[in-house]
file start13.pdb (PDB, C-alpha atoms)
ATOM      1  CA  MET A   1     202.154   2.086  35.112
ATOM      2  CA  GLY A   2     202.935   1.757  31.416
ATOM      3  CA  ARG A   3     201.311   5.112  30.717
ATOM      4  CA  GLY A   4     203.447   6.722  33.425
ATOM      5  CA  ILE A   5     206.642   5.282  31.966
ATOM      6  CA  TRP A   6     205.634   6.434  28.488
ATOM      7  CA  THR A   7     204.979   9.926  29.832
ATOM      8  CA  LEU A   8     208.397  10.043  31.471
ATOM      9  CA  ARG A   9     210.097   8.842  28.331
ATOM     10  CA  HIS A  10     208.276  11.236  26.020
ATOM     11  CA  ARG A  11     208.126  14.418  28.080
ATOM     12  CA  TYR A  12     206.676  17.056  25.788
ATOM     13  CA  ALA A  13     203.010  17.295  24.798
ATOM     14  CA  SER A  14     202.848  17.143  21.021
ATOM     15  CA  PRO A  15     199.780  18.280  19.062
ATOM     16  CA  ARG A  16     199.017  14.631  18.317
ATOM     17  CA  TRP A  17     199.136  13.746  22.012
ATOM     18  CA  LEU A  18     196.936  16.747  22.882
ATOM     19  CA  ARG A  19     194.389  15.543  20.300
ATOM     20  CA  ALA A  20     194.378  12.134  21.965
ATOM     21  CA  VAL A  21     193.865  13.644  25.430
ATOM     22  CA  HIS A  22     191.129  15.894  24.067
ATOM     23  CA  ALA A  23     189.375  12.904  22.492
ATOM     24  CA  ALA A  24     189.767  10.793  25.638
ATOM     25  CA  VAL A  25     188.586  13.249  28.278
ATOM     26  CA  GLY A  26     186.261  15.482  26.291
ATOM     27  CA  ASP A  27     186.219  19.113  25.312
ATOM     28  CA  ASP A  28     185.146  20.674  28.601
ATOM     29  CA  LEU A  29     187.631  18.799  30.786
ATOM     30  CA  ALA A  30     190.545  19.310  28.383
ATOM     31  CA  VAL A  31     189.859  23.049  28.094
ATOM     32  CA  HIS A  32     189.593  23.521  31.856
ATOM     33  CA  ALA A  33     192.771  21.538  32.545
ATOM     34  CA  LEU A  34     194.758  23.411  29.903
ATOM     35  CA  ALA A  35     193.395  26.774  31.071
ATOM     36  CA  GLU A  36     194.512  25.948  34.605
ATOM     37  CA  LEU A  37     198.026  25.183  33.347
ATOM     38  CA  ILE A  38     198.073  28.453  31.404
ATOM     39  CA  ARG A  39     197.067  30.289  34.575
ATOM     40  CA  GLN A  40     199.703  28.543  36.682
ATOM     41  CA  HIS A  41     202.542  29.209  34.245
ATOM     42  CA  ARG A  42     201.521  32.606  32.865
ATOM     43  CA  TYR A  43     204.679  34.322  34.118
ATOM     44  CA  GLU A  44     207.103  31.699  32.816
ATOM     45  CA  GLN A  45     208.133  32.869  29.351
ATOM     46  CA  GLY A  46     209.931  29.664  28.354
ATOM     47  CA  TYR A  47     207.354  27.204  29.681
ATOM     48  CA  VAL A  48     206.770  24.178  27.475
ATOM     49  CA  LEU A  49     203.717  22.012  28.075
ATOM     50  CA  LEU A  50     204.741  18.643  29.469
ATOM     51  CA  ARG A  51     202.652  15.500  29.275
ATOM     52  CA  SER A  52     203.007  14.964  33.003
ATOM     53  CA  ASP A  53     201.682  18.489  33.691
ATOM     54  CA  MET A  54     198.647  17.947  31.470
ATOM     55  CA  THR A  55     197.992  14.505  32.965
ATOM     56  CA  SER A  56     198.153  15.946  36.467
ATOM     57  CA  ALA A  57     195.886  18.873  35.529
ATOM     58  CA  VAL A  58     193.275  16.497  34.086
ATOM     59  CA  GLN A  59     193.381  14.352  37.228
ATOM     60  CA  GLN A  60     192.995  17.408  39.468
ATOM     61  CA  GLU A  61     190.078  18.730  37.414
ATOM     62  CA  ARG A  62     188.365  15.332  37.566
ATOM     63  CA  ALA A  63     188.832  15.257  41.347
ATOM     64  CA  ARG A  64     187.364  18.770  41.668
ATOM     65  CA  ARG A  65     184.329  17.771  39.631
ATOM     66  CA  LYS A  66     183.878  14.574  41.601
ATOM     67  CA  ASP A  67     183.979  16.536  44.876
ATOM     68  CA  ALA A  68     181.483  19.055  43.498
ATOM     69  CA  THR A  69     179.139  16.223  42.533
ATOM     70  CA  ARG A  70     179.438  14.699  45.995
ATOM     71  CA  ARG A  71     178.733  18.041  47.627
ATOM     72  CA  ALA A  72     175.661  18.468  45.427
ATOM     73  CA  GLU A  73     174.453  15.054  46.553
ATOM     74  CA  GLY A  74     174.902  16.067  50.177
ATOM     75  CA  ILE A  75     177.985  14.012  50.954
ATOM     76  CA  ARG A  76     180.331  15.855  53.265
ATOM     77  CA  VAL A  77     183.692  16.483  51.616
ATOM     78  CA  MET A  78     186.686  18.285  53.039
ATOM     79  CA  ALA A  79     186.033  21.865  51.992
ATOM     80  CA  GLU A  80     188.541  23.911  50.043
ATOM     81  CA  PRO A  81     189.133  27.435  51.313
ATOM     82  CA  ASP A  82     187.001  29.962  49.475
ATOM     83  CA  PRO A  83     189.253  32.674  47.989
ATOM     84  CA  ALA A  84     186.356  35.166  48.005
ATOM     85  CA  SER A  85     185.363  34.580  51.629
ATOM     86  CA  GLY A  86     185.466  37.651  53.747
ATOM     87  CA  LEU A  87     185.306  39.970  50.748
ATOM     88  CA  GLU A  88     182.467  42.312  49.971
ATOM     89  CA  ALA A  89     179.956  41.649  47.232
ATOM     90  CA  GLU A  90     181.479  40.583  43.925
ATOM     91  CA  GLY A  91     180.364  43.687  42.068
ATOM     92  CA  SER A  92     182.221  46.023  44.399
ATOM     93  CA  ASP A  93     185.579  44.221  44.380
ATOM     94  CA  PRO A  94     187.547  44.783  41.163
ATOM     95  CA  ARG A  95     189.922  41.915  41.977
ATOM     96  CA  ILE A  96     187.159  39.356  41.581
ATOM     97  CA  ALA A  97     186.059  40.833  38.250
ATOM     98  CA  GLU A  98     189.664  40.856  37.004
ATOM     99  CA  GLU A  99     190.145  37.237  38.092
ATOM    100  CA  ARG A 100     187.029  36.217  36.162
ATOM    101  CA  ARG A 101     188.213  38.052  33.039
ATOM    102  CA  ALA A 102     191.634  36.402  33.354
ATOM    103  CA  ARG A 103     190.033  32.948  33.636
ATOM    104  CA  ALA A 104     187.896  33.651  30.564
ATOM    105  CA  ARG A 105     191.016  34.707  28.603
ATOM    106  CA  GLU A 106     192.838  31.556  29.706
ATOM    107  CA  ARG A 107     189.878  29.382  28.684
ATOM    108  CA  ARG A 108     189.801  31.016  25.232
ATOM    109  CA  ALA A 109     193.559  30.500  24.884
ATOM    110  CA  ALA A 110     193.179  26.834  25.846
ATOM    111  CA  GLU A 111     190.384  26.414  23.279
ATOM    112  CA  LYS A 112     192.611  27.956  20.596
ATOM    113  CA  ILE A 113     195.505  25.643  21.493
ATOM    114  CA  LEU A 114     193.271  22.576  21.326
ATOM    115  CA  ALA A 115     191.720  23.781  18.070
ATOM    116  CA  ALA A 116     195.183  24.274  16.565
ATOM    117  CA  ALA A 117     196.125  20.747  17.624
ATOM    118  CA  ALA A 118     193.008  19.316  15.945
ATOM    119  CA  PRO A 119     193.609  17.429  12.712
ATOM    120  CA  VAL A 120     192.790  19.154   9.456
ATOM    121  CA  THR A 121     189.737  17.582   7.891
ATOM    122  CA  GLY A 122     188.566  17.718   4.353
ATOM    123  CA  ASN A 123     189.346  16.183   1.014
ATOM    124  CA  MET A 124     193.048  16.606   0.243
ATOM    125  CA  SER A 125     192.723  15.175  -3.271
ATOM    126  CA  CYS A 126     190.837  18.141  -4.698
ATOM    127  CA  GLY A 127     193.584  20.691  -4.099
ATOM    128  CA  SER A 128     194.610  23.225  -6.755
ATOM    129  CA  ARG A 129     197.217  22.161  -9.266
TER     130      ARG A 129
END
call {"tool": "encode", "arguments": {"input": "start13.pdb", "output": "structure tokens"}}
result
Amino acid sequence: MGRGIWTLRHRYASPRWLRAVHAAVGDDLAVHALAELIRQHRYEQGYVLLRSDMTSAVQQERARRKDATRRAEGIRVMAEPDPASGLEAEGSDPRIAEERRARARERRAAEKILAAAAPVTGNMSCGSR
């Protein structure tokens, strides 16, 4: 509850906060969550990343992974609709290839954002004078 109140009080995701999320959830999860937000808001020119959006994206990604693990173990989970169902083979449909390229671009953009938010390391005392 305290985390939720803090998120409401401090709305915008600062680089420091993104570093903390990245450290807490790991590289793969943070990149996928941020890439999903980039995909969702790609047409909004003035979109600013909010802490609540990132928190929600991380929770959704965790739930997806948990469901995938359960399915792999053979536990029946409510299935999500397959966007490619009913389409021809992947190689013959250019929409599927374009969607994959777009997801790869979004993942690279998310990696760059997280890398830019990472703290600068190194010895600051040996700078040029």
call {"tool": "closest_residue", "arguments": {"input": "start13.pdb", "among": "A:Ala23, A:Arg105, A:Ala33, A:Ala118", "to": "A:Arg64", "atoms": "all atoms listed in the file"}}
result
A:Ala33
call {"tool": "residues_near_point", "arguments": {"input": "start13.pdb", "point": "(189.4, 20.5, 27.5)", "cutoff": "12 Å", "atoms": "only C-alpha atoms", "output": "PyMOL selection string"}}
result
chain A and resi 18-37+54-55+57-58+61-62+106-115+117
call {"tool": "write_last_selection", "arguments": {"input": "start13.pdb", "atoms": "C-alpha atoms", "output": "PDB file, in the frame of the given file"}}
result
ATOM      1  CA  LEU A  18     196.936  16.747  22.882  1.00  0.00           C
ATOM      2  CA  ARG A  19     194.389  15.543  20.300  1.00  0.00           C
ATOM      3  CA  ALA A  20     194.378  12.134  21.965  1.00  0.00           C
ATOM      4  CA  VAL A  21     193.865  13.644  25.430  1.00  0.00           C
ATOM      5  CA  HIS A  22     191.129  15.894  24.067  1.00  0.00           C
ATOM      6  CA  ALA A  23     189.375  12.904  22.492  1.00  0.00           C
ATOM      7  CA  ALA A  24     189.767  10.793  25.638  1.00  0.00           C
ATOM      8  CA  VAL A  25     188.586  13.249  28.278  1.00  0.00           C
ATOM      9  CA  GLY A  26     186.261  15.482  26.291  1.00  0.00           C
ATOM     10  CA  ASP A  27     186.219  19.113  25.312  1.00  0.00           C
ATOM     11  CA  ASP A  28     185.146  20.674  28.601  1.00  0.00           C
ATOM     12  CA  LEU A  29     187.631  18.799  30.786  1.00  0.00           C
ATOM     13  CA  ALA A  30     190.545  19.310  28.383  1.00  0.00           C
ATOM     14  CA  VAL A  31     189.859  23.049  28.094  1.00  0.00           C
ATOM     15  CA  HIS A  32     189.593  23.521  31.856  1.00  0.00           C
ATOM     16  CA  ALA A  33     192.771  21.538  32.545  1.00  0.00           C
ATOM     17  CA  LEU A  34     194.758  23.411  29.903  1.00  0.00           C
ATOM     18  CA  ALA A  35     193.395  26.774  31.071  1.00  0.00           C
ATOM     19  CA  GLU A  36     194.512  25.948  34.605  1.00  0.00           C
ATOM     20  CA  LEU A  37     198.026  25.183  33.347  1.00  0.00           C
ATOM     21  CA  MET A  54     198.647  17.947  31.470  1.00  0.00           C
ATOM     22  CA  THR A  55     197.992  14.505  32.965  1.00  0.00           C
ATOM     23  CA  ALA A  57     195.886  18.873  35.529  1.00  0.00           C
ATOM     24  CA  VAL A  58     193.275  16.497  34.086  1.00  0.00           C
ATOM     25  CA  GLU A  61     190.078  18.730  37.414  1.00  0.00           C
ATOM     26  CA  ARG A  62     188.365  15.332  37.566  1.00  0.00           C
ATOM     27  CA  GLU A 106     192.838  31.556  29.706  1.00  0.00           C
ATOM     28  CA  ARG A 107     189.878  29.382  28.684  1.00  0.00           C
ATOM     29  CA  ARG A 108     189.801  31.016  25.232  1.00  0.00           C
ATOM     30  CA  ALA A 109     193.559  30.500  24.884  1.00  0.00           C
ATOM     31  CA  ALA A 110     193.179  26.834  25.846  1.00  0.00           C
ATOM     32  CA  GLU A 111     190.384  26.414  23.279  1.00  0.00           C
ATOM     33  CA  LYS A 112     192.611  27.956  20.596  1.00  0.00           C
ATOM     34  CA  ILE A 113     195.505  25.643  21.493  1.00  0.00           C
ATOM     35  CA  LEU A 114     193.271  22.576  21.326  1.00  0.00           C
ATOM     36  CA  ALA A 115     191.720  23.781  18.070  1.00  0.00           C
ATOM     37  CA  ALA A 117     196.125  20.747  17.624  1.00  0.00           C
TER      38      ALA A 117
END
call {"tool": "resolve_selection", "arguments": {"input": "start13.pdb", "expression": "the PyMOL selection byres ((chain A and resi 12) around 8)", "output": "mmCIF file with C-alpha atoms, keeping the file's coordinate frame"}}
result
data_model
loop_
_atom_site.group_PDB
_atom_site.id
_atom_site.type_symbol
_atom_site.label_atom_id
_atom_site.label_comp_id
_atom_site.auth_asym_id
_atom_site.auth_seq_id
_atom_site.Cartn_x
_atom_site.Cartn_y
_atom_site.Cartn_z
ATOM 1 C CA HIS A 10 208.276 11.236 26.020
ATOM 2 C CA ARG A 11 208.126 14.418 28.080
ATOM 3 C CA ALA A 13 203.010 17.295 24.798
ATOM 4 C CA SER A 14 202.848 17.143 21.021
ATOM 5 C CA VAL A 48 206.770 24.178 27.475
ATOM 6 C CA LEU A 49 203.717 22.012 28.075
ATOM 7 C CA LEU A 50 204.741 18.643 29.469
ATOM 8 C CA ARG A 51 202.652 15.500 29.275
#
call {"tool": "atom_distance", "arguments": {"input": "start13.pdb", "atom1": "atom CA of A:Gln45", "atom2": "atom CA of A:Arg103"}}
result
18.6 Å
call {"tool": "closest_residue", "arguments": {"input": "start13.pdb", "among": "A:Arg9, A:Arg65, A:Arg39, A:Arg71", "to": "A:Arg101", "atoms": "only C-alpha atoms"}}
result
A:Arg39
